[in-house]
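Next comes final-v8.txt, with compact mmCIF, C-alpha atoms.
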```
# COMPACT_ATOMS: atom_id res chain seq x y z
CA MET A 1 -18.86 101.49 -149.00
CA VAL A 2 -20.56 104.80 -149.61
CA GLN A 3 -21.50 106.74 -152.69
CA LYS A 4 -18.70 108.46 -154.53
CA LEU A 5 -18.51 112.27 -154.37
CA ASP A 6 -18.50 113.94 -157.76
CA THR A 7 -16.26 116.81 -156.69
CA LEU A 8 -12.60 117.11 -157.68
CA GLN A 9 -9.58 118.17 -155.68
CA GLU A 10 -7.42 121.12 -156.55
CA THR A 11 -4.22 120.34 -158.46
CA PRO A 12 -1.25 120.37 -156.07
CA SER A 13 1.01 123.41 -156.26
CA GLN A 14 4.72 123.27 -157.06
CA THR A 15 7.31 125.98 -156.58
CA ALA A 16 7.49 128.66 -159.27
CA GLY A 17 11.26 128.09 -159.21
CA PRO A 18 14.07 130.50 -159.99
CA TYR A 19 12.99 131.11 -163.58
CA VAL A 20 9.38 132.16 -163.02
CA HIS A 21 10.10 135.46 -164.77
CA ILE A 22 10.65 133.63 -168.07
CA GLY A 23 7.03 132.54 -168.04
CA CYS A 24 5.35 135.48 -166.35
CA MET A 25 7.53 138.55 -167.06
CA PRO A 26 9.67 137.48 -170.01
CA SER A 27 10.92 140.97 -170.87
CA PHE A 28 12.39 141.14 -167.34
CA THR A 29 14.74 138.32 -168.45
CA GLY A 30 15.47 139.87 -171.83
CA ILE A 31 12.99 137.74 -173.79
CA THR A 32 11.22 140.41 -175.81
CA SER A 33 10.46 138.76 -179.16
CA ILE A 34 7.41 136.72 -178.09
CA TYR A 35 4.87 139.10 -176.46
CA PRO A 36 4.48 142.84 -177.15
CA GLN A 37 4.75 143.53 -173.40
CA ASP A 38 4.63 141.75 -170.07
CA LEU A 39 1.23 141.06 -168.58
CA GLY A 40 0.23 143.26 -165.64
CA ALA A 41 2.84 145.93 -166.33
CA SER A 42 0.48 148.42 -164.65
CA PRO A 43 -2.82 148.05 -162.73
CA ILE A 44 -4.00 151.45 -163.95
CA SER A 45 -4.04 153.44 -167.15
CA ASP A 46 -4.10 157.20 -167.70
CA GLY A 47 -7.17 158.81 -166.23
CA ALA A 48 -7.65 156.43 -163.30
CA LYS A 49 -9.67 158.25 -160.65
CA GLY A 50 -8.28 158.67 -157.17
CA GLU A 51 -4.94 159.11 -155.48
CA ILE A 52 -2.04 157.58 -157.38
CA VAL A 53 0.39 156.05 -154.90
CA THR A 54 3.79 154.39 -155.14
CA ILE A 55 4.59 151.54 -152.78
CA ARG A 56 8.08 150.08 -152.39
CA GLY A 57 9.39 147.25 -150.30
CA GLU A 58 11.58 144.20 -150.03
CA VAL A 59 10.91 140.54 -149.37
CA TYR A 60 13.12 139.10 -146.62
CA ASP A 61 13.89 135.45 -145.99
CA GLY A 62 14.38 133.95 -142.53
CA THR A 63 17.99 135.17 -142.36
CA GLY A 64 16.99 138.78 -142.99
CA TRP A 65 18.24 138.72 -146.60
CA ALA A 66 16.14 140.67 -149.11
CA PHE A 67 16.11 138.05 -151.83
CA ARG A 68 16.33 139.03 -155.46
CA ASP A 69 14.17 136.47 -157.23
CA ALA A 70 10.68 137.11 -155.78
CA MET A 71 7.78 137.75 -158.13
CA LEU A 72 4.65 139.42 -156.79
CA GLU A 73 1.13 139.90 -158.08
CA SER A 74 -1.41 142.37 -156.79
CA TRP A 75 -5.18 142.59 -157.12
CA GLN A 76 -7.32 145.44 -155.89
CA ALA A 77 -10.47 147.51 -156.24
CA ASP A 78 -10.66 151.01 -157.69
CA ALA A 79 -10.93 154.22 -155.65
CA ASN A 80 -14.64 153.50 -155.03
CA GLY A 81 -14.06 149.94 -153.84
CA LEU A 82 -15.29 148.39 -157.10
CA PHE A 83 -13.52 145.60 -158.93
CA PRO A 84 -13.28 145.51 -162.74
CA GLU A 85 -16.47 144.21 -164.37
CA GLN A 86 -18.59 145.37 -161.42
CA GLU A 87 -21.14 147.97 -162.42
CA GLY A 88 -19.70 151.48 -162.29
CA ALA A 89 -16.09 150.33 -161.92
CA ASP A 90 -13.40 152.71 -163.18
CA PRO A 91 -12.53 151.60 -166.75
CA ASN A 92 -8.96 152.80 -166.20
CA VAL A 93 -8.30 150.39 -163.34
CA SER A 94 -7.47 146.82 -164.39
CA GLY A 95 -6.64 146.09 -160.75
CA PHE A 96 -3.94 143.54 -161.58
CA ALA A 97 -0.18 144.00 -161.53
CA ARG A 98 2.92 141.85 -161.68
CA PHE A 99 6.24 143.10 -160.41
CA ALA A 100 9.54 141.65 -159.33
CA ALA A 101 12.23 142.30 -156.78
CA ASP A 102 15.07 144.19 -158.44
CA LYS A 103 17.91 141.89 -159.51
CA GLU A 104 20.52 144.13 -157.82
CA THR A 105 18.76 145.60 -154.80
CA GLY A 106 15.79 143.34 -154.04
CA VAL A 107 13.43 146.34 -153.97
CA TRP A 108 10.06 146.02 -155.71
CA GLU A 109 7.77 148.89 -156.67
CA LEU A 110 4.04 149.14 -157.31
CA ARG A 111 2.46 152.30 -158.72
CA THR A 112 -1.29 152.18 -158.49
CA VAL A 113 -4.44 153.94 -157.37
CA LYS A 114 -5.29 153.77 -153.69
CA PRO A 115 -8.33 151.49 -153.44
CA GLY A 116 -11.54 152.36 -151.61
CA PRO A 117 -13.25 150.29 -148.89
CA VAL A 118 -14.74 147.06 -150.24
CA PRO A 119 -18.16 145.78 -149.10
CA MET A 120 -18.36 142.36 -147.42
CA ARG A 121 -20.78 139.64 -148.50
CA GLY A 122 -22.99 139.89 -145.41
CA GLY A 123 -22.72 143.68 -144.93
CA GLY A 124 -19.98 145.88 -143.52
CA TYR A 125 -16.78 147.02 -145.18
CA GLN A 126 -13.18 146.00 -145.46
CA ALA A 127 -10.64 148.77 -145.05
CA PRO A 128 -8.82 149.78 -148.26
CA HIS A 129 -6.32 147.09 -149.12
CA ILE A 130 -4.40 145.44 -151.94
CA SER A 131 -4.20 141.64 -152.13
CA LEU A 132 -0.70 140.29 -152.75
CA TRP A 133 0.57 136.91 -153.92
CA ILE A 134 4.27 136.06 -153.66
CA VAL A 135 6.07 133.27 -155.49
CA ALA A 136 9.74 132.32 -155.79
CA ARG A 137 12.17 129.44 -155.62
CA GLY A 138 11.75 127.75 -152.23
CA ILE A 139 8.09 128.80 -151.89
CA ASN A 140 6.15 125.60 -152.53
CA ILE A 141 2.73 127.23 -152.64
CA GLY A 142 2.20 130.92 -153.40
CA LEU A 143 1.91 133.11 -150.29
CA ASN A 144 -1.18 135.31 -149.95
CA THR A 145 -1.14 138.45 -147.89
CA ARG A 146 -2.65 141.95 -147.89
CA LEU A 147 -1.38 145.49 -147.82
CA TYR A 148 -3.36 148.09 -145.85
CA PHE A 149 -2.50 151.79 -145.41
CA ASP A 150 -1.46 153.46 -142.17
CA ASP A 151 -3.35 156.67 -143.02
CA GLU A 152 -6.69 154.89 -143.43
CA ASP A 153 -9.17 153.74 -140.79
CA ASN A 154 -8.33 150.06 -140.34
CA TRP A 155 -10.14 149.71 -137.04
CA ASP A 156 -13.21 147.82 -138.26
CA ASP A 157 -11.55 145.65 -140.87
CA PRO A 158 -12.83 142.09 -140.37
CA LEU A 159 -9.60 140.41 -141.41
CA LEU A 160 -7.32 142.55 -139.28
CA ALA A 161 -9.71 142.01 -136.36
CA ARG A 162 -8.99 138.29 -136.49
CA ILE A 163 -5.29 138.65 -135.77
CA GLU A 164 -4.93 137.59 -132.15
CA GLN A 165 -1.45 138.99 -131.51
CA ARG A 166 -2.18 142.70 -132.06
CA PRO A 167 1.40 143.74 -132.85
CA ARG A 168 1.28 141.39 -135.86
CA VAL A 169 -1.42 143.61 -137.44
CA ASP A 170 1.39 146.05 -138.23
CA THR A 171 2.96 143.52 -140.62
CA LEU A 172 0.05 144.15 -143.01
CA ILE A 173 0.10 147.95 -142.89
CA ALA A 174 2.13 150.05 -145.30
CA THR A 175 3.85 153.09 -143.81
CA LYS A 176 3.44 156.48 -145.42
CA ILE A 177 6.93 157.86 -146.04
CA GLY A 178 6.14 160.80 -148.29
CA GLU A 179 3.47 162.42 -150.41
CA SER A 180 1.59 159.44 -151.93
CA GLU A 181 4.56 157.17 -151.12
CA TYR A 182 4.45 154.11 -148.91
CA ARG A 183 6.84 151.43 -147.68
CA PHE A 184 5.76 147.79 -147.22
CA ASP A 185 8.26 145.05 -146.37
CA ILE A 186 7.39 141.37 -146.36
CA ARG A 187 9.13 138.96 -143.98
CA LEU A 188 8.65 135.30 -144.80
CA GLN A 189 9.96 133.98 -141.53
CA GLY A 190 11.35 134.93 -138.13
CA GLU A 191 11.10 138.20 -136.24
CA GLY A 192 8.30 140.37 -137.61
CA GLU A 193 7.00 137.52 -139.79
CA THR A 194 4.26 138.82 -142.07
CA VAL A 195 0.76 137.47 -141.51
CA PHE A 196 0.01 135.18 -144.45
CA LEU A 197 -3.53 134.27 -145.38
CA ASP A 198 -5.60 131.20 -146.13
CA LEU A 199 -8.87 132.45 -147.60
CA MET B 1 -21.90 143.84 -159.05
CA ALA B 2 -20.75 141.07 -161.40
CA LYS B 3 -23.34 138.37 -161.80
CA ASP B 4 -21.07 135.56 -160.61
CA MET B 5 -20.42 137.34 -157.34
CA GLN B 6 -24.12 137.50 -156.57
CA ASP B 7 -24.84 133.95 -157.57
CA LEU B 8 -21.90 132.07 -156.20
CA GLY B 9 -20.85 131.40 -152.66
CA PRO B 10 -17.37 131.78 -151.20
CA LEU B 11 -14.37 129.82 -152.43
CA ILE B 12 -14.16 126.29 -151.10
CA PRO B 13 -11.43 126.38 -148.44
CA ARG B 14 -8.10 125.09 -149.70
CA ASN B 15 -7.25 121.52 -148.68
CA ARG B 16 -3.62 122.08 -147.73
CA ALA B 17 -3.08 118.33 -147.21
CA ILE B 18 -2.89 117.73 -150.95
CA HIS B 19 -0.30 120.47 -151.45
CA PRO B 20 3.45 120.32 -150.86
CA VAL B 21 4.69 120.96 -147.34
CA PRO B 22 6.10 124.51 -147.16
CA HIS B 23 9.18 123.49 -145.14
CA ASP B 24 11.20 120.52 -146.37
CA PRO B 25 14.88 119.91 -145.43
CA ASP B 26 15.52 118.03 -148.69
CA TYR B 27 14.67 121.18 -150.67
CA LYS B 28 17.05 123.50 -148.91
CA THR B 29 15.73 126.89 -150.01
CA THR B 30 12.39 126.18 -148.35
CA LEU B 31 14.06 126.30 -144.94
CA THR B 32 14.46 130.07 -144.98
CA ARG B 33 11.46 130.90 -147.20
CA SER B 34 8.61 129.15 -145.38
CA PRO B 35 6.52 130.92 -142.74
CA ARG B 36 6.82 129.49 -139.24
CA LEU B 37 3.58 130.93 -137.89
CA PRO B 38 0.12 129.65 -138.81
CA LEU B 39 -1.73 131.12 -141.78
CA LEU B 40 -4.75 133.28 -140.92
CA SER B 41 -7.82 131.41 -142.17
CA MET B 42 -11.02 133.22 -143.08
CA GLU B 43 -13.91 132.86 -145.48
CA SER B 44 -13.13 134.42 -148.84
CA THR B 45 -14.28 137.99 -149.56
CA PRO B 46 -14.85 139.85 -152.84
CA SER B 47 -11.09 140.54 -152.87
CA GLU B 48 -10.41 136.82 -153.38
CA GLU B 49 -13.59 135.97 -155.33
CA THR B 50 -12.95 138.48 -158.10
CA GLY B 51 -9.87 138.38 -160.26
CA PRO B 52 -8.30 139.63 -163.47
CA ARG B 53 -9.82 138.52 -166.77
CA PHE B 54 -7.89 138.43 -169.98
CA GLY B 55 -9.46 138.41 -173.41
CA HIS B 56 -8.59 136.24 -176.39
CA SER B 57 -7.34 139.43 -178.07
CA LEU B 58 -4.33 139.30 -175.72
CA ILE B 59 -3.05 136.17 -177.41
CA GLY B 60 -0.91 136.27 -180.55
CA PRO B 61 -1.14 133.48 -183.14
CA LEU B 62 2.19 131.88 -182.10
CA ASP B 63 1.87 132.45 -178.35
CA ASN B 64 1.05 128.78 -177.68
CA ASN B 65 3.69 127.45 -180.08
CA LEU B 66 7.02 127.38 -178.24
CA ILE B 67 8.70 125.68 -181.19
CA ALA B 68 8.16 128.76 -183.33
CA ASN B 69 7.30 131.77 -181.14
CA PHE B 70 10.80 132.95 -180.22
CA THR B 71 11.74 133.64 -183.84
CA GLY B 72 8.29 134.63 -185.02
CA GLY B 73 8.12 131.38 -186.97
CA GLU B 74 11.31 131.95 -188.97
CA SER B 75 13.31 129.08 -187.44
CA LEU B 76 12.22 126.17 -185.29
CA ALA B 77 13.51 124.98 -181.92
CA VAL B 78 15.54 121.78 -181.58
CA GLY B 79 14.04 118.86 -179.68
CA GLU B 80 11.41 116.19 -179.52
CA ARG B 81 8.21 117.79 -180.77
CA ILE B 82 5.26 117.40 -178.39
CA LEU B 83 1.72 118.65 -177.95
CA VAL B 84 0.70 119.25 -174.33
CA HIS B 85 -3.00 119.68 -173.84
CA GLY B 86 -5.75 119.30 -171.30
CA ARG B 87 -8.63 120.98 -169.57
CA VAL B 88 -8.85 123.47 -166.74
CA LEU B 89 -11.65 122.45 -164.38
CA ASP B 90 -12.80 123.57 -160.95
CA GLU B 91 -13.48 121.48 -157.87
CA ASN B 92 -17.13 121.25 -158.88
CA ALA B 93 -15.89 119.40 -162.00
CA ARG B 94 -16.97 122.26 -164.27
CA PRO B 95 -14.74 123.54 -167.05
CA VAL B 96 -13.07 126.92 -166.51
CA PRO B 97 -13.47 128.69 -169.86
CA ASN B 98 -11.62 131.79 -171.06
CA THR B 99 -8.84 131.65 -168.51
CA LEU B 100 -5.19 132.39 -169.06
CA VAL B 101 -2.66 129.53 -168.94
CA GLU B 102 1.05 130.38 -169.11
CA ILE B 103 3.92 127.90 -169.34
CA TRP B 104 7.72 128.09 -169.20
CA GLN B 105 10.39 125.44 -169.49
CA ALA B 106 14.01 124.55 -170.23
CA ASN B 107 15.13 123.75 -173.77
CA ALA B 108 15.76 120.23 -175.07
CA GLY B 109 19.18 120.15 -173.41
CA GLY B 110 17.83 121.23 -170.02
CA ARG B 111 18.94 124.87 -170.20
CA TYR B 112 16.81 127.93 -169.46
CA ARG B 113 17.21 131.19 -171.31
CA HIS B 114 18.13 133.02 -168.10
CA VAL B 115 21.23 134.85 -166.89
CA LYS B 116 21.29 132.70 -163.73
CA ASP B 117 21.35 129.39 -165.61
CA THR B 118 24.98 128.45 -166.37
CA TYR B 119 24.53 124.75 -167.18
CA PHE B 120 26.86 123.31 -169.89
CA ALA B 121 23.98 122.53 -172.23
CA PRO B 122 23.90 125.29 -174.84
CA LEU B 123 21.07 127.73 -175.47
CA ASP B 124 18.99 127.03 -178.54
CA PRO B 125 19.00 130.21 -180.64
CA ASN B 126 15.45 129.38 -181.74
CA PHE B 127 13.91 128.70 -178.33
CA GLY B 128 12.72 131.26 -175.77
CA GLY B 129 10.92 128.96 -173.36
CA CYS B 130 7.56 130.57 -172.64
CA GLY B 131 4.06 130.43 -174.06
CA ARG B 132 0.51 131.32 -173.17
CA THR B 133 -3.05 130.65 -174.24
CA ILE B 134 -6.63 131.15 -173.10
CA THR B 135 -8.89 128.15 -172.54
CA ASP B 136 -11.84 127.73 -174.89
CA GLU B 137 -15.48 127.54 -173.84
CA ASN B 138 -14.91 123.96 -172.61
CA GLY B 139 -11.83 124.84 -170.56
CA TYR B 140 -9.55 123.22 -173.15
CA TYR B 141 -6.00 124.40 -173.88
CA GLU B 142 -3.03 123.18 -175.92
CA PHE B 143 0.60 124.04 -176.53
CA LEU B 144 3.04 122.86 -179.15
CA THR B 145 6.54 122.66 -177.68
CA ILE B 146 9.64 120.51 -177.39
CA ARG B 147 10.15 118.06 -174.57
CA PRO B 148 12.33 119.87 -172.00
CA GLY B 149 15.55 118.20 -170.90
CA ALA B 150 16.37 117.09 -167.36
CA TYR B 151 19.08 119.13 -165.65
CA PRO B 152 21.19 119.25 -162.50
CA TRP B 153 20.57 121.93 -159.90
CA PRO B 154 22.37 123.15 -156.81
CA ASN B 155 20.69 121.62 -153.77
CA ARG B 156 22.14 118.42 -152.33
CA ALA B 157 25.38 117.19 -153.92
CA ASN B 158 23.78 115.54 -156.95
CA ASP B 159 20.18 116.59 -157.53
CA TRP B 160 18.50 116.56 -160.94
CA ARG B 161 15.18 117.93 -162.00
CA PRO B 162 13.02 115.53 -163.97
CA MET B 163 11.73 116.80 -167.31
CA HIS B 164 9.00 119.28 -166.42
CA ILE B 165 6.91 122.21 -167.62
CA HIS B 166 5.89 125.04 -165.29
CA TYR B 167 2.22 126.10 -165.42
CA SER B 168 0.64 129.32 -164.20
CA VAL B 169 -3.18 129.40 -164.17
CA PHE B 170 -5.55 132.22 -163.19
CA GLY B 171 -9.13 130.98 -163.03
CA HIS B 172 -11.68 133.73 -162.48
CA SER B 173 -10.86 134.57 -158.86
CA PHE B 174 -7.58 135.84 -157.42
CA GLY B 175 -7.99 133.15 -154.73
CA GLN B 176 -7.81 130.44 -157.42
CA ARG B 177 -4.34 131.49 -158.54
CA LEU B 178 -2.09 128.45 -158.97
CA ILE B 179 1.43 127.69 -160.15
CA THR B 180 2.42 124.06 -160.59
CA GLN B 181 4.58 121.76 -162.73
CA SER B 182 3.77 118.85 -164.99
CA TYR B 183 6.07 115.84 -165.24
CA PHE B 184 6.27 113.17 -167.95
CA GLU B 185 5.08 109.58 -167.69
CA GLY B 186 7.93 107.14 -167.20
CA ASP B 187 10.63 109.61 -166.12
CA PRO B 188 12.73 107.81 -163.43
CA LEU B 189 13.98 111.16 -162.07
CA ILE B 190 10.53 111.98 -160.63
CA ASP B 191 11.17 109.55 -157.78
CA LEU B 192 14.55 111.16 -157.02
CA CYS B 193 13.48 114.82 -157.12
CA PRO B 194 13.27 116.68 -153.79
CA ILE B 195 10.92 119.28 -155.30
CA ALA B 196 8.45 116.64 -156.49
CA ALA B 197 8.86 115.00 -153.07
CA THR B 198 7.61 118.11 -151.26
CA ILE B 199 4.18 116.60 -152.07
CA LYS B 200 3.96 113.94 -149.39
CA ASP B 201 0.91 112.07 -150.69
CA ARG B 202 2.16 110.02 -153.63
CA SER B 203 -1.30 109.82 -155.17
CA GLN B 204 -1.30 113.62 -155.33
CA LEU B 205 2.13 113.74 -156.97
CA ASP B 206 0.85 111.24 -159.54
CA ARG B 207 -1.72 113.88 -160.55
CA LEU B 208 1.16 116.02 -161.86
CA VAL B 209 2.48 113.28 -164.16
CA ALA B 210 1.17 113.75 -167.70
CA PRO B 211 0.49 110.49 -169.54
CA LEU B 212 1.43 109.89 -173.14
CA ASP B 213 -1.80 110.48 -175.09
CA PHE B 214 -1.23 108.55 -178.26
CA SER B 215 -4.69 109.33 -179.61
CA LYS B 216 -3.72 113.01 -179.89
CA SER B 217 -0.31 112.33 -181.38
CA ARG B 218 -0.04 113.44 -184.98
CA PRO B 219 1.68 110.92 -187.27
CA HIS B 220 5.12 112.03 -188.53
CA ASP B 221 4.81 115.26 -186.50
CA PHE B 222 4.45 115.17 -182.69
CA LEU B 223 3.68 113.03 -179.64
CA ALA B 224 1.00 114.25 -177.23
CA TYR B 225 0.80 114.42 -173.43
CA LYS B 226 -2.34 115.23 -171.46
CA PHE B 227 -2.35 117.44 -168.37
CA ASP B 228 -5.64 118.44 -166.72
CA ILE B 229 -5.61 121.13 -164.05
CA VAL B 230 -8.15 121.60 -161.26
CA LEU B 231 -8.59 125.01 -159.63
CA ARG B 232 -10.45 125.81 -156.44
CA GLY B 233 -14.24 125.97 -156.80
CA ARG B 234 -16.97 128.14 -155.31
CA ARG B 235 -19.42 126.76 -152.79
CA GLN B 236 -23.00 126.69 -154.02
CA THR B 237 -26.03 125.59 -152.05
CA MET B 238 -29.65 126.69 -152.07
CA PHE B 239 -29.01 127.91 -148.51
CA GLU B 240 -26.09 130.14 -149.47
CA ASN B 241 -27.96 133.40 -148.93
CA LYS B 242 -29.39 132.70 -145.50
CA PRO B 243 -27.79 134.38 -142.47
CA GLU B 244 -25.17 132.19 -140.82
CA GLY B 245 -26.48 129.79 -138.19
CA MET B 246 -30.18 130.35 -138.98
```

Could you take the file, read its structure, and then write that structure out as structure tokens?
Amino acid sequence: MVQKLDTLQETPSQTAGPYVHIGCMPSFTGITSIYPQDLGASPISDGAKGEIVTIRGEVYDGTGWAFRDAMLESWQADANGLFPEQEGADPNVSGFARFAADKETGVWELRTVKPGPVPMRGGGYQAPHISLWIVARGINIGLNTRLYFDDEDNWDDPLLARIEQRPRVDTLIATKIGESEYRFDIRLQGEGETVFLDL
Amino acid sequence: MAKDMQDLGPLIPRNRAIHPVPHDPDYKTTLTRSPRLPLLSMESTPSEETGPRFGHSLIGPLDNNLIANFTGGESLAVGERILVHGRVLDENARPVPNTLVEIWQANAGGRYRHVKDTYFAPLDPNFGGCGRTITDENGYYEFLTIRPGAYPWPNRANDWRPMHIHYSVFGHSFGQRLITQSYFEGDPLIDLCPIAATIKDRSQLDRLVAPLDFSKSRPHDFLAYKFDIVLRGRRQTMFENKPEGM
């Protein structure tokens, strides 16, 4: 026998299921009498400093179907690479958003400020990126990934540098398709499978 | 820089062995929605160690009362009245105060208020099915609700979900984000449910089964069930700030 550790283990995850919107975005399902508005309706408010960008995409399953029931969350720094509550952070950037694939088309949309580079713990910088978390029926534990920008310098980013198969880096990079508009598709499985993260 | 980012180390790496398997033939939808390639593992960065904070001002007085919140307290939901309560802790066994907990569930007949749910059980005109609260300084939360019904779902020919409540918890870091479900002590459908069975270690599944907590039950009013939730913790040692390998 040995001494007992006094640490705990994380609670196991379970799928968010097909009705996750009821709990997290109730107005999306027509439930509007409980909260004044859905949480995370926008990661920015008027006056946020920096370039305001719109990102659209779809989430594809292993058959290539853009499924309609995905819910996503995003978390990011402001235009100077500062997160809310850090000294000097932009008061008009909450950094957090929730959004869902459209019930008819499967397209999701995020309107936000383009984040700045974020310092690493031991020095150096991460390229501008937005952290994403994807849940849905059939996803047993939320999937973490990141969105980078194809018009930024991603060369020195420590996370991207760890991806052995270099073509897979592209799965994390949003494509500029217009003035302040980007496209970012997420593929859960199969050809072009998005790099998902464990960090 | 926020104080907790300076003082705390990285997130403790997730022990995936306690979690459900992503790909499970008995839960058919997982087959096309689970990545085939390995996850990219890395030490957490400020992007995962920070996260959204929500204040108590977000929460309305009925937000954690699912019996009353859909009608603003005018009419009450049908069903067996229960209190569900517990604490949010981290892996260091410390309470997680001031963190948002959201729940959603079916009504007493096993029907969700959702356009995609076409089960025979009727909607309850006085039940919406969602609630939220923020833990107190000791990580404690509670909800007043009705016990959700079991219901059939399209998977194998005759699959039923045990009675369950969905939980969404934030913690203080985006990397702590967790969605899970609580089940009810004594429900025989737990052992037959392919979603519960995606957790392969039975002792881990048992951690999702809320026991009847008779001490918290209020006479002539409600029964109580306890459900504690553990989020990932941050590593902390006196050596945390030394360069790696030195």

Could you check how far atom CA of Asn158 of chain B sits from atom CA of Lys103 of chain A, in Å to one decimal?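 According to the coordinates, atom CA of Asn158 of chain B and atom CA of Lys103 of chain A are separated by 27.1 Å.
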
Rounded to one decimal, what separation in Å do you get between atom CA of Thr15 of chain A and atom CA of Ala70 of chain A?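 One can read the atom CA of Thr15 of chain A to atom CA of Ala70 of chain A distance as 11.7 Å.
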
Pick from B:Leu144, B:Ala157, B:Val101, B:Leu178 nearest to chain A, counting all atoms listed in the file: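 The answer is B:Leu178, which sits nearest to chain A.
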
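Minimum atom-to-atom distance to Ala16 of chain A, evaluated using only C-alpha atoms, belongs to B:His166 out of B:Arg218, B:His166, B:Arg161, B:His23.
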
Between atom CA of Phe196 of chain A and atom CA of Trp153 of chain B, distance in Å (one decimal): 28.9 Å

Distance query Ala48 of chain A at most 7 Å, only C-alpha atoms, self and fewer than 2 positions along chain excluded, as a PDB file with C-alpha atoms, keeping the file's coordinate frame:
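Written output follows (selection.pdb):
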```
ATOM      1  CA  ILE A  44      -4.000 151.450-163.950  1.00  0.00           C
ATOM      2  CA  SER A  45      -4.040 153.440-167.150  1.00  0.00           C
ATOM      3  CA  ASP A  46      -4.100 157.200-167.700  1.00  0.00           C
ATOM      4  CA  GLY A  50      -8.280 158.670-157.170  1.00  0.00           C
ATOM      5  CA  ASP A  90     -13.400 152.710-163.180  1.00  0.00           C
ATOM      6  CA  ASN A  92      -8.960 152.800-166.200  1.00  0.00           C
ATOM      7  CA  VAL A  93      -8.300 150.390-163.340  1.00  0.00           C
TER       8      VAL A  93
END
```

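Distance check against Gln105 of chain B using only C-alpha atoms: of B:Pro154, B:Pro46, B:Pro162, B:Gly9, the minimum falls on B:Pro162.
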
Selection: 8 Å around segment 185-202 of chain B, only C-alpha atoms, excl. self and same-chain fewer than 6 positions, as a list in words: Pro12, Gln14, Thr15 and Asn140 of chain A; Ile18, His19, Pro20, Val21, Pro22, Asp24, Asp26, Tyr27, Asp159, Trp160, Arg161, Pro162, Met163, Val209, Ala210, Pro211 and Leu212 of chain B

When distances are computed from all atoms listed in the file, which of B:Ala17, B:Ile165, B:Leu11, B:Ala68 shows the smallest separation from Asn92 of chain B?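 Using all atoms listed in the file, Asn92 of chain B sits closest to B:Leu11.
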
Please identify every residue of chain A that has at least one atom no more than 8 Å from any atom of chain B, counting only C-alpha atoms, and report them as a PyMOL selection string. chain A and resi 6-16+19-20+22-24+26+29+31+33-35+61-63+75-77+83-87+94-96+118-122+131+137-142+159+162-163+188-190+193+195-199

Is it possible to get the residues within 12 Å of (-3.5, 117.8, -174.7) (coordinates as in the file, counting only C-alpha atoms) written as a VMD selection string? chain B and resid 82 to 88 135 139 to 145 210 to 218 222 to 229

Output as lines of an AutoDock Vina configuration file the centre and edge lengths (Å, one decimal) of the box along x, y and z of the file that holds every listed atom of segment 138-143 of chain A after adding 3 Å on each side.
```
center_x = 6.8
center_y = 129.4
center_z = -151.8
size_x = 15.8
size_y = 13.5
size_z = 9.1
```

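Considering only C-alpha atoms, the residue among B:His220, B:Val169, B:Pro152, B:Glu137 positioned nearest to Pro97 of chain B is B:Glu137.
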
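With only C-alpha atoms as the atoms that count, the minimum distance from Val135 of chain A to the choices A:Glu51, A:Glu58, A:Asp38, A:Asp69 is reached by A:Asp69.
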
Counting only C-alpha atoms, note down every residue that has an atom within 8 Å of the point (-12.2, 147.4, -147.1) (file coordinates), as a ChimeraX atom specification. /A:81,116-120,125-129,157

Which residues come within 9 Å of Leu160 of chain A, counting only C-alpha atoms, excluding same-chain residues fewer than 6 positions away, as a list of chain:residue names? A:Asn154, A:Arg166, A:Val169, A:Leu172

I need the residues from that last selection saved to file as a PDB file, keeping the file's coordinate frame (with C-alpha atoms), if you can.
```pdb
ATOM      1  CA  ASN A 154      -8.330 150.060-140.340  1.00  0.00           C
ATOM      2  CA  ARG A 166      -2.180 142.700-132.060  1.00  0.00           C
ATOM      3  CA  VAL A 169      -1.420 143.610-137.440  1.00  0.00           C
ATOM      4  CA  LEU A 172       0.050 144.150-143.010  1.00  0.00           C
TER       5      LEU A 172
END
```
